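S.K.: Dropping the structure in here first, questions after.
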Amino acid sequence: VFHFLSWSWSWSGSAGHRGAHFRRGNQAARREGDGPIHSSFMARSQPHDPRTVLAVSRALTVLREPDPHAKAKKTDEVREEITSWASESEGLAGVEEVNEFDLHEIPDKPARSSLVRIVPPRELKSLGKGGSLNSRKAILHSLTHIESWAVDLSWDIIARFTIALDLPFGFVLDFATVASDEARHFSLLRSRLEELGGSYGDYPAHDGLWESAEETSASCMSRLAVEHCVHEARGLDVLPQTIGRFRKNGDEATAVVLETVVYPEEITHCAA
């Protein structure tokens, strides 16, 4: 996830090359991917696991929620509900109420509030190295924004691919857990930003994380490779430096949140 933060810190010509490289890689992966989403619900001779049907329906409710704070809260509620289904696959309340056609109305882009002004990456000012209060708030804001997108990415992969590719309920459980982690990260970082006198929406941001998701929207394998084996993994590379910057400049509280909660949980996401 935090790979995109490093782009914000130094969006130079070399970083632009790197972005172009990822776009070419995404396009190549898409050409070799799983194919477009199709109405496999209607084509199957055997019914889908009712847990996955309900999970996709619930994922869509989160994706359609524009308010980032409400989205984080709803994520926790849906994840708890999905986890409760792990030991049962029959007689789930509500499955008969799901409109099967709605399950294929995956939004091209999750609902987002206008709270944050979105600009091209090259228009963003440097976040600095945490030496000033404003720099630390800008870094925290960028991290918070990335986590808000990570929540949507987790629900999108459930909604977009679970039924289309007949994926097992374990896939849903894994990514519902990832979504819950990301929502917790969002809430913790947003709270820390507020403790420093800022708020989510104070700074502009870019949506590069979602742009790569759009370019892998036709292939689950490409999505997993690009988002988790590239972006999440590269984010882990830069996060220790981020922690060090907060600690060096006297912000131990933020360093502890990143070091003891965010960093260890992001490691598990690379294997999700």
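Identifiers for the structure tokens are assigned positionally: chains receive A, B, ... in sequence, residues are indexed from 1 per chain, and ligands are indexed from 1 in the order shown.
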Taking 4 positions as the minimum chain separation for residues in the same chain, which residues sit within 10 Å of Leu189 in chain A when counting only C-alpha atoms? Answer as a PDB file with N, CA and C atoms, in the first residue's frame.
M.R.:
ATOM      1  N   LEU A 140       1.064  11.912   7.412  1.00  0.00           N
ATOM      2  CA  LEU A 140      -0.050  11.172   8.014  1.00  0.00           C
ATOM      3  C   LEU A 140      -1.293  11.233   7.128  1.00  0.00           C
ATOM      4  N   HIS A 141      -1.541  12.388   6.536  1.00  0.00           N
ATOM      5  CA  HIS A 141      -2.707  12.530   5.657  1.00  0.00           C
ATOM      6  C   HIS A 141      -2.574  11.608   4.449  1.00  0.00           C
ATOM      7  N   SER A 142      -1.376  11.540   3.883  1.00  0.00           N
ATOM      8  CA  SER A 142      -1.149  10.669   2.732  1.00  0.00           C
ATOM      9  C   SER A 142      -1.359   9.206   3.106  1.00  0.00           C
ATOM     10  N   LEU A 143      -0.847   8.813   4.271  1.00  0.00           N
ATOM     11  CA  LEU A 143      -1.036   7.446   4.743  1.00  0.00           C
ATOM     12  C   LEU A 143      -2.514   7.137   4.958  1.00  0.00           C
ATOM     13  N   THR A 144      -3.232   8.081   5.546  1.00  0.00           N
ATOM     14  CA  THR A 144      -4.660   7.898   5.802  1.00  0.00           C
ATOM     15  C   THR A 144      -5.426   7.722   4.498  1.00  0.00           C
ATOM     16  N   HIS A 145      -5.071   8.527   3.503  1.00  0.00           N
ATOM     17  CA  HIS A 145      -5.738   8.432   2.198  1.00  0.00           C
ATOM     18  C   HIS A 145      -5.469   7.080   1.539  1.00  0.00           C
ATOM     19  N   GLU A 147      -4.812   4.280   3.033  1.00  0.00           N
ATOM     20  CA  GLU A 147      -5.566   3.245   3.744  1.00  0.00           C
ATOM     21  C   GLU A 147      -7.044   3.275   3.379  1.00  0.00           C
ATOM     22  N   ALA A 183      -9.265  -0.778   7.419  1.00  0.00           N
ATOM     23  CA  ALA A 183     -10.184   0.166   8.052  1.00  0.00           C
ATOM     24  C   ALA A 183      -9.656   0.600   9.415  1.00  0.00           C
ATOM     25  N   ARG A 184      -9.071  -0.361  10.149  1.00  0.00           N
ATOM     26  CA  ARG A 184      -8.482  -0.023  11.449  1.00  0.00           C
ATOM     27  C   ARG A 184      -7.297   0.926  11.274  1.00  0.00           C
ATOM     28  N   HIS A 185      -6.463   0.667  10.264  1.00  0.00           N
ATOM     29  CA  HIS A 185      -5.334   1.554   9.987  1.00  0.00           C
ATOM     30  C   HIS A 185      -5.836   2.960   9.651  1.00  0.00           C
ATOM     31  N   LEU A 193      -3.850  11.981  13.128  1.00  0.00           N
ATOM     32  CA  LEU A 193      -3.800  13.239  12.389  1.00  0.00           C
ATOM     33  C   LEU A 193      -4.592  14.313  13.131  1.00  0.00           C
ATOM     34  N   GLU A 194      -5.738  13.944  13.649  1.00  0.00           N
ATOM     35  CA  GLU A 194      -6.566  14.897  14.374  1.00  0.00           C
ATOM     36  C   GLU A 194      -5.898  15.330  15.678  1.00  0.00           C
ATOM     37  N   GLU A 195      -5.181  14.416  16.319  1.00  0.00           N
ATOM     38  CA  GLU A 195      -4.464  14.753  17.547  1.00  0.00           C
ATOM     39  C   GLU A 195      -3.364  15.787  17.283  1.00  0.00           C
ATOM     40  N   TYR A 200      -8.676  14.731   7.992  1.00  0.00           N
ATOM     41  CA  TYR A 200      -8.652  14.110   6.672  1.00  0.00           C
ATOM     42  C   TYR A 200      -9.382  15.012   5.689  1.00  0.00           C
ATOM     43  N   THR A 254       2.987   8.376  16.782  1.00  0.00           N
ATOM     44  CA  THR A 254       2.732   7.921  15.417  1.00  0.00           C
ATOM     45  C   THR A 254       3.654   6.771  15.050  1.00  0.00           C
ATOM     46  N   VAL A 257       2.228   3.517  16.448  1.00  0.00           N
ATOM     47  CA  VAL A 257       1.072   3.021  15.686  1.00  0.00           C
ATOM     48  C   VAL A 257       1.538   2.317  14.407  1.00  0.00           C
ATOM     49  N   LEU A 258       2.449   2.951  13.690  1.00  0.00           N
ATOM     50  CA  LEU A 258       2.948   2.374  12.443  1.00  0.00           C
ATOM     51  C   LEU A 258       3.750   1.100  12.694  1.00  0.00           C
ATOM     52  N   VAL A 262       0.307  -1.166  12.103  1.00  0.00           N
ATOM     53  CA  VAL A 262       0.236  -1.115  10.640  1.00  0.00           C
ATOM     54  C   VAL A 262       1.265  -2.033   9.992  1.00  0.00           C
TER      55      VAL A 262
END
S.K.: Using backbone DSSP assignments, extract all helix (DSSP H, G or I) residues from range 208-252 of chain A; output them as a PyMOL selection string.
M.R.: chain A and resi 208-215+220-248+252
S.K.: Using only C-alpha atoms, what table do you get, as a Markdown table, when you list each residue of range 186-240 of chain A with an atom no more than 8 Å from range 111-130 of chain A, its nearest pair of atoms, and their distance in Å rounded to one decimal, rows by chain then rising number?
M.R.:
| residue | atom | partner | partner_atom | distance |
| --- | --- | --- | --- | --- |
| A:Tyr200 | CA | A:Val116 | CA | 7.3 |
| A:Gly201 | CA | A:Val116 | CA | 4.4 |
| A:Asp202 | CA | A:Val116 | CA | 7.3 |
| A:Tyr203 | CA | A:Val116 | CA | 7.0 |
| A:Pro204 | CA | A:Arg117 | CA | 4.8 |
| A:Ala205 | CA | A:Ile118 | CA | 5.1 |
| A:His206 | CA | A:Ile118 | CA | 5.2 |
| A:Asp207 | CA | A:Ile118 | CA | 6.9 |
| A:Gly208 | CA | A:Pro121 | CA | 7.6 |
S.K.: Go ahead and write the selection's residues with C-alpha atoms as a PDB file, in the first residue's frame.
M.R.:
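File produced: again33.pdb:
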ATOM      1  CA  TYR A 200      -8.652  14.110   6.672  1.00  0.00           C
ATOM      2  CA  GLY A 201      -9.227  16.409   3.700  1.00  0.00           C
ATOM      3  CA  ASP A 202      -6.723  19.094   4.694  1.00  0.00           C
ATOM      4  CA  TYR A 203      -4.297  18.159   1.895  1.00  0.00           C
ATOM      5  CA  PRO A 204      -4.725  17.160  -1.756  1.00  0.00           C
ATOM      6  CA  ALA A 205      -3.937  13.585  -2.761  1.00  0.00           C
ATOM      7  CA  HIS A 206      -3.723  11.361  -5.824  1.00  0.00           C
ATOM      8  CA  ASP A 207      -5.599   8.174  -6.666  1.00  0.00           C
ATOM      9  CA  GLY A 208      -2.743   6.201  -8.204  1.00  0.00           C
TER      10      GLY A 208
END
S.K.: So that I can check the surroundings of Arg247 in chain A, please list as a list in words every protein, DNA and RNA residue that reaches within 12 Å of it, counting only C-alpha atoms and ignoring chain neighbours fewer than 2 positions away.
M.R.: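 The residues that qualify are Lys129, Gly130, Gly131, Arg136, Pro240, Gln241, Thr242, Ile243, Gly244, Arg245, Asn249, Gly250, Asp251, Glu252, Ala253, Thr254, Ala255, Val256, Val257, Leu258 and Glu259 of chain A.
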S.K.: Check the smallest atom-to-atom distance from each of A:Leu173, A:Leu196, A:Leu153, A:Ile82 to Ala138 in chain A using only C-alpha atoms, then report the winner.
M.R.: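 With only C-alpha atoms as the atom set, the closest residue is A:Leu196.
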S.K.: Could you check which of A:Phe246, A:Phe175, A:Phe161, A:Phe169 is closest to Ser219 in chain A, using only C-alpha atoms?
M.R.: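 Closest residue, counting only C-alpha atoms: A:Phe161.
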S.K.: Quick one, how far is CA of Thr75 in chain A from CA of Ala179 in chain A?
M.R.: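 Atom-to-atom, CA of Thr75 in chain A to CA of Ala179 in chain A, that is 6.8 Å.
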S.K.: For each of A:Ala86, A:Cys270, A:Ala213, A:Ala55, take the minimum atom-to-atom distance to Val230 in chain A, counting only C-alpha atoms, then give the residue where this is smallest.
M.R.: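 With only C-alpha atoms as the atom set, the closest residue is A:Cys270.
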S.K.: Kindly indicate which residue among A:Ser148, A:Asp237, A:Arg64, A:Pro168 lies nearest to Arg51 in chain A, using only C-alpha atoms for the distances.
M.R.: A:Pro168
S.K.: Would you kindly return, as a ChimeraX atom specification, each protein, DNA or RNA residue with an atom no farther than 10 Å from any atom of Val178 in chain A, considering only C-alpha atoms and excluding same-chain residues fewer than 6 positions away?
M.R.: /A:79,150-151,153-155,172,184,265-266,268-269,272
S.K.: Nearest to Asp166 in chain A among A:Val78, A:Tyr263, A:Cys220, A:Ala233, with distances taken over only C-alpha atoms: which residue is it?
M.R.: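 Of all the options, A:Cys220 lies closest to Asp166 in chain A.
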